[in-house]
Amino acid sequence: MKKILSTQFFIFMAFALNAQFWYRVPISTPTELYNAPNWCIPADIDQNGDMDIVSASTFSNNVVWFENLNGQGEYGDPRLIVDVGWFGVDYLYVADLDGDIDPDVLILKDLEYLLFSNLLKPSSFFSEPQNLQMTAGSLIIMDLNGDELPDILGQIGQNVGWFENTSGGFRIG
């Protein structure tokens, strides 16, 4: 019994002294383009099989994405999606909203939802913003009507409502 306890103690101490469960891997350093993130969402923006990062910063008022360069967590410099102006982004969502499989970026800024469609073009990955002409607070993106297109469920003023994805835009359902 003493031998078993000694062995268990030795194994525990070996793990306790040598184990590193978490360690910090910096992705970026503060720049004029990007500083003090308040939203970070993983998504395969360039559809190459590894997770890139989409991030928004209230301090620098930008939404950017970082390309995962090698699939091992080495990231490139921030690429600007949009400069949102004063007071930054209220919410950031990344999901395929136009049904073309690649992740799009949806931001809430001053109670307006702006959609940036992923174009998968190396020169310009994202489209110009499309104002979804809806105001809402918090939201959830999911298929609510079984048509295999993601809809938006959210707070609309003092009510709960949903915006149906018609594959050409959204309308209140």
# chains A, B, ... in the order shown; residues from 1 in each chain; ligands from 1
$ residues_around --residues "A:Ile107" --least-positions-apart "3" --cutoff "9 Å" --atoms "only C-alpha atoms" --output "list in words"
Val63, Val89, Asp90, Tyr91, Leu92, Tyr93, Val94, Glu112, Tyr113, Leu114, Leu115 and Phe116 of chain A
$ residues_around --residues "stretch 148-158 of chain A" --least-positions-apart "6" --cutoff "6 Å" --atoms "only C-alpha atoms" --output "ChimeraX atom specification"
/A:97,136-142,164-165
$ atom_distance --atom1 "atom CA of A:Ser117" --atom2 "atom CA of A:Val105"
6.6 Å
$ closest_atom_pairs --of "stretch 62-101 of chain A" --to "stretch 47-50 of chain A" --cutoff "10 Å" --atoms "only C-alpha atoms" --output "CSV"
residue,atom,partner,partner_atom,distance
A:Glu67,CA,A:Asp50,CA,8.9
A:Asn68,CA,A:Asp50,CA,6.6
A:Leu69,CA,A:Asp50,CA,8.6
A:Asn70,CA,A:Asp50,CA,8.0
A:Gly71,CA,A:Asp50,CA,5.2
A:Gln72,CA,A:Asp50,CA,8.4
A:Gly73,CA,A:Asp50,CA,8.9
A:Ile101,CA,A:Gln47,CA,9.1
$ write_last_selection --atoms "N, CA, C and O atoms" --output "mmCIF file, in the first residue's frame"
data_model
loop_
_atom_site.group_PDB
_atom_site.id
_atom_site.type_symbol
_atom_site.label_atom_id
_atom_site.label_comp_id
_atom_site.auth_asym_id
_atom_site.auth_seq_id
_atom_site.Cartn_x
_atom_site.Cartn_y
_atom_site.Cartn_z
ATOM 1 N N GLU A 67 -5.612 35.899 -40.370
ATOM 2 C CA GLU A 67 -5.502 34.637 -41.094
ATOM 3 C C GLU A 67 -4.586 33.686 -40.333
ATOM 4 O O GLU A 67 -3.492 34.056 -39.913
ATOM 5 N N ASN A 68 -5.049 32.449 -40.158
ATOM 6 C CA ASN A 68 -4.220 31.395 -39.594
ATOM 7 C C ASN A 68 -3.293 30.941 -40.712
ATOM 8 O O ASN A 68 -3.736 30.365 -41.701
ATOM 9 N N LEU A 69 -2.005 31.218 -40.584
ATOM 10 C CA LEU A 69 -1.063 31.035 -41.688
ATOM 11 C C LEU A 69 -0.678 29.586 -41.950
ATOM 12 O O LEU A 69 -0.393 29.208 -43.081
ATOM 13 N N ASN A 70 -0.637 28.769 -40.896
ATOM 14 C CA ASN A 70 -0.131 27.412 -41.081
ATOM 15 C C ASN A 70 -0.965 26.332 -40.403
ATOM 16 O O ASN A 70 -0.557 25.183 -40.356
ATOM 17 N N GLY A 71 -2.110 26.686 -39.879
ATOM 18 C CA GLY A 71 -2.937 25.696 -39.196
ATOM 19 C C GLY A 71 -2.428 25.320 -37.819
ATOM 20 O O GLY A 71 -3.009 24.478 -37.145
ATOM 21 N N GLN A 72 -1.342 25.936 -37.378
ATOM 22 C CA GLN A 72 -0.742 25.626 -36.080
ATOM 23 C C GLN A 72 -0.848 26.791 -35.099
ATOM 24 O O GLN A 72 -0.168 26.801 -34.089
ATOM 25 N N GLY A 73 -1.675 27.777 -35.447
ATOM 26 C CA GLY A 73 -1.875 28.896 -34.534
ATOM 27 C C GLY A 73 -0.947 30.068 -34.777
ATOM 28 O O GLY A 73 -0.832 30.945 -33.931
ATOM 29 N N ILE A 101 -22.040 28.768 -47.788
ATOM 30 C CA ILE A 101 -21.158 27.925 -46.980
ATOM 31 C C ILE A 101 -20.057 28.703 -46.258
ATOM 32 O O ILE A 101 -19.657 28.306 -45.190
#
$ closest_residue --among "A:Ser167, A:Asn118, A:Ser28, A:Asn35" --to "A:Asp147" --atoms "only C-alpha atoms"
A:Ser167
$ atom_distance --atom1 "atom CA of A:Pro129" --atom2 "atom CA of A:Ser60"
18.7 Å
$ select_by_dssp --residues "stretch 93-139 of chain A" --states "strand (DSSP E or B)" --output "ChimeraX atom specification"
/A:93-95,104-109,112-116,118,126,130-131,139
$ write_last_selection --atoms "N, CA, C and O atoms" --output "CSV table (one decimal), in the first residue's frame"
chain,number,residue,atom,x,y,z
A,93,TYR,N,-21.1,38.9,-34.8
A,93,TYR,CA,-21.5,37.6,-35.1
A,93,TYR,C,-20.8,37.1,-36.4
A,93,TYR,O,-20.7,37.9,-37.3
A,94,VAL,N,-20.5,35.8,-36.4
A,94,VAL,CA,-19.9,35.2,-37.6
A,94,VAL,C,-20.6,34.0,-37.9
A,94,VAL,O,-20.7,33.1,-37.0
A,95,ALA,N,-21.3,33.9,-39.1
A,95,ALA,CA,-22.0,32.7,-39.5
A,95,ALA,C,-22.3,32.8,-41.0
A,95,ALA,O,-22.2,33.9,-41.5
A,104,ASP,N,-19.9,34.7,-43.0
A,104,ASP,CA,-20.1,36.1,-43.2
A,104,ASP,C,-20.0,36.8,-41.8
A,104,ASP,O,-20.1,36.2,-40.8
A,105,VAL,N,-19.8,38.1,-41.8
A,105,VAL,CA,-19.7,38.9,-40.6
A,105,VAL,C,-20.9,39.8,-40.4
A,105,VAL,O,-21.2,40.5,-41.4
A,106,LEU,N,-21.5,39.7,-39.3
A,106,LEU,CA,-22.7,40.6,-39.0
A,106,LEU,C,-22.3,41.4,-37.7
A,106,LEU,O,-21.9,40.8,-36.7
A,107,ILE,N,-22.5,42.7,-37.8
A,107,ILE,CA,-22.2,43.5,-36.6
A,107,ILE,C,-23.4,44.3,-36.3
A,107,ILE,O,-24.2,44.7,-37.1
A,108,LEU,N,-23.5,44.6,-35.0
A,108,LEU,CA,-24.5,45.6,-34.5
A,108,LEU,C,-23.8,46.8,-34.1
A,108,LEU,O,-22.9,46.8,-33.3
A,109,LYS,N,-24.2,47.9,-34.7
A,109,LYS,CA,-23.6,49.2,-34.5
A,109,LYS,C,-24.7,50.2,-34.4
A,109,LYS,O,-25.5,50.4,-35.3
A,112,GLU,N,-28.2,49.2,-35.6
A,112,GLU,CA,-28.3,48.8,-36.9
A,112,GLU,C,-27.4,47.5,-37.2
A,112,GLU,O,-26.3,47.5,-36.8
A,113,TYR,N,-28.0,46.6,-37.9
A,113,TYR,CA,-27.2,45.4,-38.3
A,113,TYR,C,-26.6,45.6,-39.7
A,113,TYR,O,-27.4,45.9,-40.6
A,114,LEU,N,-25.3,45.4,-39.8
A,114,LEU,CA,-24.6,45.5,-41.0
A,114,LEU,C,-24.0,44.2,-41.3
A,114,LEU,O,-23.3,43.6,-40.5
A,115,LEU,N,-24.3,43.7,-42.5
A,115,LEU,CA,-23.8,42.4,-43.0
A,115,LEU,C,-22.7,42.5,-44.0
A,115,LEU,O,-22.8,43.3,-45.0
A,116,PHE,N,-21.6,41.9,-43.8
A,116,PHE,CA,-20.5,41.8,-44.7
A,116,PHE,C,-20.4,40.4,-45.2
A,116,PHE,O,-20.0,39.5,-44.5
A,118,ASN,N,-18.9,37.3,-47.2
A,118,ASN,CA,-17.6,36.8,-47.5
A,118,ASN,C,-17.6,36.4,-49.0
A,118,ASN,O,-18.3,35.6,-49.5
A,126,PHE,N,-14.3,40.6,-48.1
A,126,PHE,CA,-15.7,41.0,-47.7
A,126,PHE,C,-16.3,42.1,-48.5
A,126,PHE,O,-15.6,43.0,-49.0
A,130,GLN,N,-24.0,45.6,-46.0
A,130,GLN,CA,-25.4,45.6,-46.4
A,130,GLN,C,-26.2,45.9,-45.1
A,130,GLN,O,-26.2,45.1,-44.2
A,131,ASN,N,-26.9,47.0,-45.1
A,131,ASN,CA,-27.7,47.4,-43.9
A,131,ASN,C,-29.0,46.5,-44.0
A,131,ASN,O,-29.7,46.6,-44.9
A,139,LEU,N,-29.4,38.8,-30.2
A,139,LEU,CA,-30.0,37.9,-31.2
A,139,LEU,C,-29.3,36.5,-31.2
A,139,LEU,O,-28.2,36.4,-30.7
$ atom_distance --atom1 "atom CA of A:Val54" --atom2 "atom CA of A:Trp39"
8.0 Å
$ closest_residue --among "A:Val64, A:Val84, A:Ile45, A:Ala36" --to "A:Asp102" --atoms "only C-alpha atoms"
A:Ile45
$ closest_residue --among "A:Ser124, A:Asn145, A:Ser57, A:Thr166" --to "A:Asn38" --atoms "only C-alpha atoms"
A:Ser57
$ select_by_dssp --residues "stretch 11-146 of chain A" --states "alpha helix (DSSP H)" --output "ChimeraX atom specification"
/A:11-18
$ write_last_selection --atoms "all heavy atoms" --output "PDB file, in the first residue's frame"
ATOM      1  N   ILE A  11       3.999  10.419  -9.336  1.00  0.00           N
ATOM      2  CA  ILE A  11       3.357  10.765 -10.612  1.00  0.00           C
ATOM      3  C   ILE A  11       2.664  12.118 -10.507  1.00  0.00           C
ATOM      4  O   ILE A  11       2.787  12.956 -11.394  1.00  0.00           O
ATOM      5  CB  ILE A  11       2.374   9.657 -11.050  1.00  0.00           C
ATOM      6  CG1 ILE A  11       3.145   8.398 -11.423  1.00  0.00           C
ATOM      7  CG2 ILE A  11       1.501  10.121 -12.218  1.00  0.00           C
ATOM      8  CD1 ILE A  11       2.275   7.186 -11.667  1.00  0.00           C
ATOM      9  N   PHE A  12       1.954  12.338  -9.410  1.00  0.00           N
ATOM     10  CA  PHE A  12       1.288  13.624  -9.211  1.00  0.00           C
ATOM     11  C   PHE A  12       2.286  14.773  -9.214  1.00  0.00           C
ATOM     12  O   PHE A  12       2.078  15.801  -9.864  1.00  0.00           O
ATOM     13  CB  PHE A  12       0.495  13.605  -7.892  1.00  0.00           C
ATOM     14  CG  PHE A  12      -0.030  14.959  -7.510  1.00  0.00           C
ATOM     15  CD1 PHE A  12      -1.141  15.486  -8.146  1.00  0.00           C
ATOM     16  CD2 PHE A  12       0.601  15.728  -6.535  1.00  0.00           C
ATOM     17  CE1 PHE A  12      -1.633  16.734  -7.821  1.00  0.00           C
ATOM     18  CE2 PHE A  12       0.127  16.977  -6.206  1.00  0.00           C
ATOM     19  CZ  PHE A  12      -0.998  17.486  -6.844  1.00  0.00           C
ATOM     20  N   MET A  13       3.383  14.629  -8.499  1.00  0.00           N
ATOM     21  CA  MET A  13       4.385  15.691  -8.425  1.00  0.00           C
ATOM     22  C   MET A  13       5.043  15.921  -9.784  1.00  0.00           C
ATOM     23  O   MET A  13       5.324  17.060 -10.147  1.00  0.00           O
ATOM     24  CB  MET A  13       5.443  15.367  -7.359  1.00  0.00           C
ATOM     25  CG  MET A  13       4.898  15.447  -5.936  1.00  0.00           C
ATOM     26  SD  MET A  13       4.129  17.023  -5.535  1.00  0.00           S
ATOM     27  CE  MET A  13       5.517  18.110  -5.602  1.00  0.00           C
ATOM     28  N   ALA A  14       5.279  14.863 -10.542  1.00  0.00           N
ATOM     29  CA  ALA A  14       5.879  15.012 -11.871  1.00  0.00           C
ATOM     30  C   ALA A  14       4.972  15.852 -12.769  1.00  0.00           C
ATOM     31  O   ALA A  14       5.436  16.743 -13.480  1.00  0.00           O
ATOM     32  CB  ALA A  14       6.141  13.644 -12.487  1.00  0.00           C
ATOM     33  N   PHE A  15       3.678  15.565 -12.735  1.00  0.00           N
ATOM     34  CA  PHE A  15       2.728  16.355 -13.522  1.00  0.00           C
ATOM     35  C   PHE A  15       2.600  17.770 -12.992  1.00  0.00           C
ATOM     36  O   PHE A  15       2.543  18.731 -13.754  1.00  0.00           O
ATOM     37  CB  PHE A  15       1.356  15.688 -13.561  1.00  0.00           C
ATOM     38  CG  PHE A  15       1.247  14.602 -14.573  1.00  0.00           C
ATOM     39  CD1 PHE A  15       1.120  13.284 -14.186  1.00  0.00           C
ATOM     40  CD2 PHE A  15       1.290  14.883 -15.931  1.00  0.00           C
ATOM     41  CE1 PHE A  15       1.030  12.272 -15.115  1.00  0.00           C
ATOM     42  CE2 PHE A  15       1.191  13.892 -16.876  1.00  0.00           C
ATOM     43  CZ  PHE A  15       1.062  12.575 -16.475  1.00  0.00           C
ATOM     44  N   ALA A  16       2.526  17.916 -11.686  1.00  0.00           N
ATOM     45  CA  ALA A  16       2.340  19.229 -11.091  1.00  0.00           C
ATOM     46  C   ALA A  16       3.520  20.151 -11.381  1.00  0.00           C
ATOM     47  O   ALA A  16       3.345  21.340 -11.609  1.00  0.00           O
ATOM     48  CB  ALA A  16       2.129  19.102  -9.584  1.00  0.00           C
ATOM     49  N   LEU A  17       4.723  19.611 -11.387  1.00  0.00           N
ATOM     50  CA  LEU A  17       5.898  20.439 -11.619  1.00  0.00           C
ATOM     51  C   LEU A  17       6.170  20.709 -13.093  1.00  0.00           C
ATOM     52  O   LEU A  17       6.727  21.739 -13.441  1.00  0.00           O
ATOM     53  CB  LEU A  17       7.126  19.780 -10.974  1.00  0.00           C
ATOM     54  CG  LEU A  17       7.082  19.695  -9.445  1.00  0.00           C
ATOM     55  CD1 LEU A  17       8.271  18.905  -8.929  1.00  0.00           C
ATOM     56  CD2 LEU A  17       7.053  21.081  -8.838  1.00  0.00           C
ATOM     57  N   ASN A  18       5.807  19.791 -13.964  1.00  0.00           N
ATOM     58  CA  ASN A  18       6.162  19.923 -15.374  1.00  0.00           C
ATOM     59  C   ASN A  18       4.996  20.266 -16.296  1.00  0.00           C
ATOM     60  O   ASN A  18       5.220  20.642 -17.440  1.00  0.00           O
ATOM     61  CB  ASN A  18       6.811  18.632 -15.882  1.00  0.00           C
ATOM     62  CG  ASN A  18       8.144  18.407 -15.221  1.00  0.00           C
ATOM     63  OD1 ASN A  18       8.910  19.339 -15.045  1.00  0.00           O
ATOM     64  ND2 ASN A  18       8.416  17.171 -14.833  1.00  0.00           N
TER      65      ASN A  18
END
$ closest_residue --among "A:Gly99, A:Ile53, A:Leu80, A:Thr58" --to "A:Ser127" --atoms "only C-alpha atoms"
A:Leu80
